[in-house]
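All remarks here apply to the structure that follows.
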Amino acid sequence: MYKRVRLRDTIEVPPSELGDVTKGLVKRLLQDKLEGRMDADVGSVVSVIEVHDIGQGAVLPNRPGVYFDAVFDAITFEPNMQEVVDGIVVEVVDFGAFVGIGPVDGLLHVSQISDEYLDYDGENQQLVSNESNRTLGVEDIVRSRIVTKSIDERNPRDSKIGLTAKQVGLGKHGWLTEEHEERTVAAGE
């Protein structure tokens, strides 16, 4: 889930930038420091959007820069358990599909995609059902639910998010459209 949050952090302003410490400078330094980082409390920092306050600078022994406390707003993304998310398939492998959900990828294991058996077609980077001829490939949009998560703050790329698409209303968007049309025809509308 994306959220706008108010945060506080300390930023080092290098000596070459000390002439005019502005909100714009502090925002840029905060962006460089925080964007793309994972934090257990707020999730992944997507963007620093507004600096509200810059405190008094402090000099630390044997450090060339000046340290300022800053209060700022950021957009964050934190995957929540049981949350339904739409994402785009970024990679297909023999054991499933990696789905980009916000700034992180989740694994949609082959056993969590469909009740049908899916074969891996490495040449075309897709999973294929022999029963219905449905395929799931790179750049397909999928609606899934977050069922597991393990966040690694030090190396966000090592965070693990498990997804499922087996319940009603979940799956590849094209499949959902087909199922809706079938139900509409069956209901006689």
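Each chain in the structure tokens gets a letter, A, B, ..., in the order shown, and its residues are numbered from 1; ligands are numbered from 1 in order too.
For Val13 in chain A, the non-local neighbours within 7 Å, defined as residues at least 4 positions apart in the same chain or in other chains and counting only C-alpha atoms, are A:Glu17, A:Leu18, A:Gly65, A:Val66, A:Tyr67.
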Just the residues within 8 Å of Ile54 in chain A, please, counting only C-alpha atoms, with nothing from its chain fewer than 3 positions along; format it as a tab-separated table (two decimals) with C-alpha atoms, in the first residue's frame.
```tsv
chain	number	residue	atom	x	y	z
A	23	LYS	CA	14.96	22.98	1.34
A	51	VAL	CA	10.85	19.22	3.20
A	68	PHE	CA	21.11	18.76	9.78
A	69	ASP	CA	17.93	17.20	11.16
A	70	ALA	CA	15.12	17.45	8.63
A	71	VAL	CA	11.38	16.86	8.82
```
key: Surrounding residues of Ser144 in chain A excluding itself and chain neighbours under 4 positions, 10 Å, only C-alpha atoms, as an MDAnalysis selection string   = chainID A and resid 82:87 99 101 106 108 112:113 162:167 169:172
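Distance-wise, CA of Leu7 in chain A and CA of Ala74 in chain A end up 7.2 Å apart.
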task = Would you return as a ChimeraX atom specification the members of range 1-171 of chain A that DSSP assigns to strand (DSSP E) on this structure's backbone?
result = /A:2-13,38-39,43-54,58-59,66-77,84-93,96-101,104-109,118-121,126-129,135-137,141-150,160-164,171
Output for the residues just chosen: C-alpha atoms as a CSV table (one decimal), in the first residue's frame:
```csv
chain,number,residue,atom,x,y,z
A,2,TYR,CA,1.3,3.5,-0.9
A,3,LYS,CA,1.2,6.0,1.9
A,4,ARG,CA,2.3,9.6,2.4
A,5,VAL,CA,4.2,9.8,5.7
A,6,ARG,CA,6.0,12.5,7.7
A,7,LEU,CA,9.5,11.4,8.6
A,8,ARG,CA,12.5,12.8,10.4
A,9,ASP,CA,16.1,12.0,9.4
A,10,THR,CA,19.6,13.5,9.6
A,11,ILE,CA,21.4,14.5,6.4
A,12,GLU,CA,25.0,15.3,5.9
A,13,VAL,CA,25.6,18.5,3.8
A,38,MET,CA,13.6,-0.4,2.7
A,39,ASP,CA,12.7,0.3,6.3
A,43,GLY,CA,8.3,0.1,3.9
A,44,SER,CA,10.2,1.2,0.8
A,45,VAL,CA,10.8,4.9,0.3
A,46,VAL,CA,9.5,5.7,-3.2
A,47,SER,CA,10.0,9.5,-3.2
A,48,VAL,CA,10.9,12.3,-0.9
A,49,ILE,CA,8.3,15.0,-1.9
A,50,GLU,CA,8.5,17.9,0.5
A,51,VAL,CA,10.9,19.2,3.2
A,52,HIS,CA,9.1,21.0,6.1
A,53,ASP,CA,11.8,21.9,8.5
A,54,ILE,CA,15.6,22.0,8.6
A,58,ALA,CA,25.9,20.1,13.9
A,59,VAL,CA,29.6,19.5,13.3
A,66,VAL,CA,27.6,19.5,8.6
A,67,TYR,CA,24.7,17.4,9.9
A,68,PHE,CA,21.1,18.8,9.8
A,69,ASP,CA,17.9,17.2,11.2
A,70,ALA,CA,15.1,17.5,8.6
A,71,VAL,CA,11.4,16.9,8.8
A,72,PHE,CA,9.9,15.8,5.5
A,73,ASP,CA,7.1,14.0,3.7
A,74,ALA,CA,7.7,10.9,1.6
A,75,ILE,CA,5.7,8.5,-0.4
A,76,THR,CA,6.3,4.9,0.8
A,77,PHE,CA,5.2,1.5,-0.3
A,84,VAL,CA,-4.8,-7.5,-3.2
A,85,VAL,CA,-2.4,-5.9,-5.7
A,86,ASP,CA,-2.1,-5.4,-9.4
A,87,GLY,CA,1.4,-5.9,-10.9
A,88,ILE,CA,3.2,-6.6,-14.1
A,89,VAL,CA,5.1,-9.8,-14.8
A,90,VAL,CA,8.8,-8.9,-15.1
A,91,GLU,CA,10.3,-12.3,-15.4
A,92,VAL,CA,9.0,-15.9,-16.0
A,93,VAL,CA,11.0,-18.9,-14.8
A,96,GLY,CA,6.7,-19.3,-11.5
A,97,ALA,CA,6.6,-15.6,-12.4
A,98,PHE,CA,8.1,-12.5,-10.7
A,99,VAL,CA,5.5,-9.7,-10.5
A,100,GLY,CA,6.5,-6.1,-10.0
A,101,ILE,CA,4.3,-4.6,-7.3
A,104,VAL,CA,9.5,-4.5,-5.2
A,105,ASP,CA,8.9,-7.9,-6.9
A,106,GLY,CA,6.8,-10.7,-5.6
A,107,LEU,CA,6.9,-14.4,-6.6
A,108,LEU,CA,3.8,-15.9,-8.0
A,109,HIS,CA,4.8,-19.6,-7.7
A,118,LEU,CA,1.3,-25.0,-16.3
A,119,ASP,CA,4.4,-25.9,-18.5
A,120,TYR,CA,7.3,-23.6,-18.8
A,121,ASP,CA,8.1,-22.3,-22.3
A,126,GLN,CA,5.9,-17.8,-20.5
A,127,LEU,CA,3.9,-20.4,-18.6
A,128,VAL,CA,1.4,-22.3,-20.7
A,129,SER,CA,-1.7,-24.4,-19.8
A,135,THR,CA,-0.5,-18.2,-21.1
A,136,LEU,CA,1.2,-16.0,-18.6
A,137,GLY,CA,4.2,-14.1,-19.8
A,141,ILE,CA,-0.8,-7.7,-15.8
A,142,VAL,CA,-1.8,-9.8,-12.9
A,143,ARG,CA,-4.1,-9.3,-9.9
A,144,SER,CA,-2.8,-11.3,-6.9
A,145,ARG,CA,-2.9,-11.3,-3.1
A,146,ILE,CA,0.1,-11.0,-0.8
A,147,VAL,CA,0.4,-14.2,1.3
A,148,THR,CA,4.0,-14.0,2.7
A,149,LYS,CA,6.6,-11.4,3.2
A,150,SER,CA,10.1,-11.2,4.5
A,160,LYS,CA,10.8,-11.9,-0.4
A,161,ILE,CA,7.1,-11.5,-1.1
A,162,GLY,CA,4.9,-14.4,-1.9
A,163,LEU,CA,1.7,-14.0,-4.0
A,164,THR,CA,-1.3,-16.1,-4.9
A,171,GLY,CA,-5.3,-13.8,-12.0
```
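Picture a line from CA of Gln125 in chain A to CA of His173 in chain A; it runs 18.0 Å.
Reported to one decimal place, the separation of CA of Glu182 in chain A from CA of Phe95 in chain A is 29.5 Å.
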key: Sel. of helix (DSSP H, G or I) residues, range 2-110 of chain A, as an MDAnalysis selection string   = chainID A and resid 15:17 23:34 110
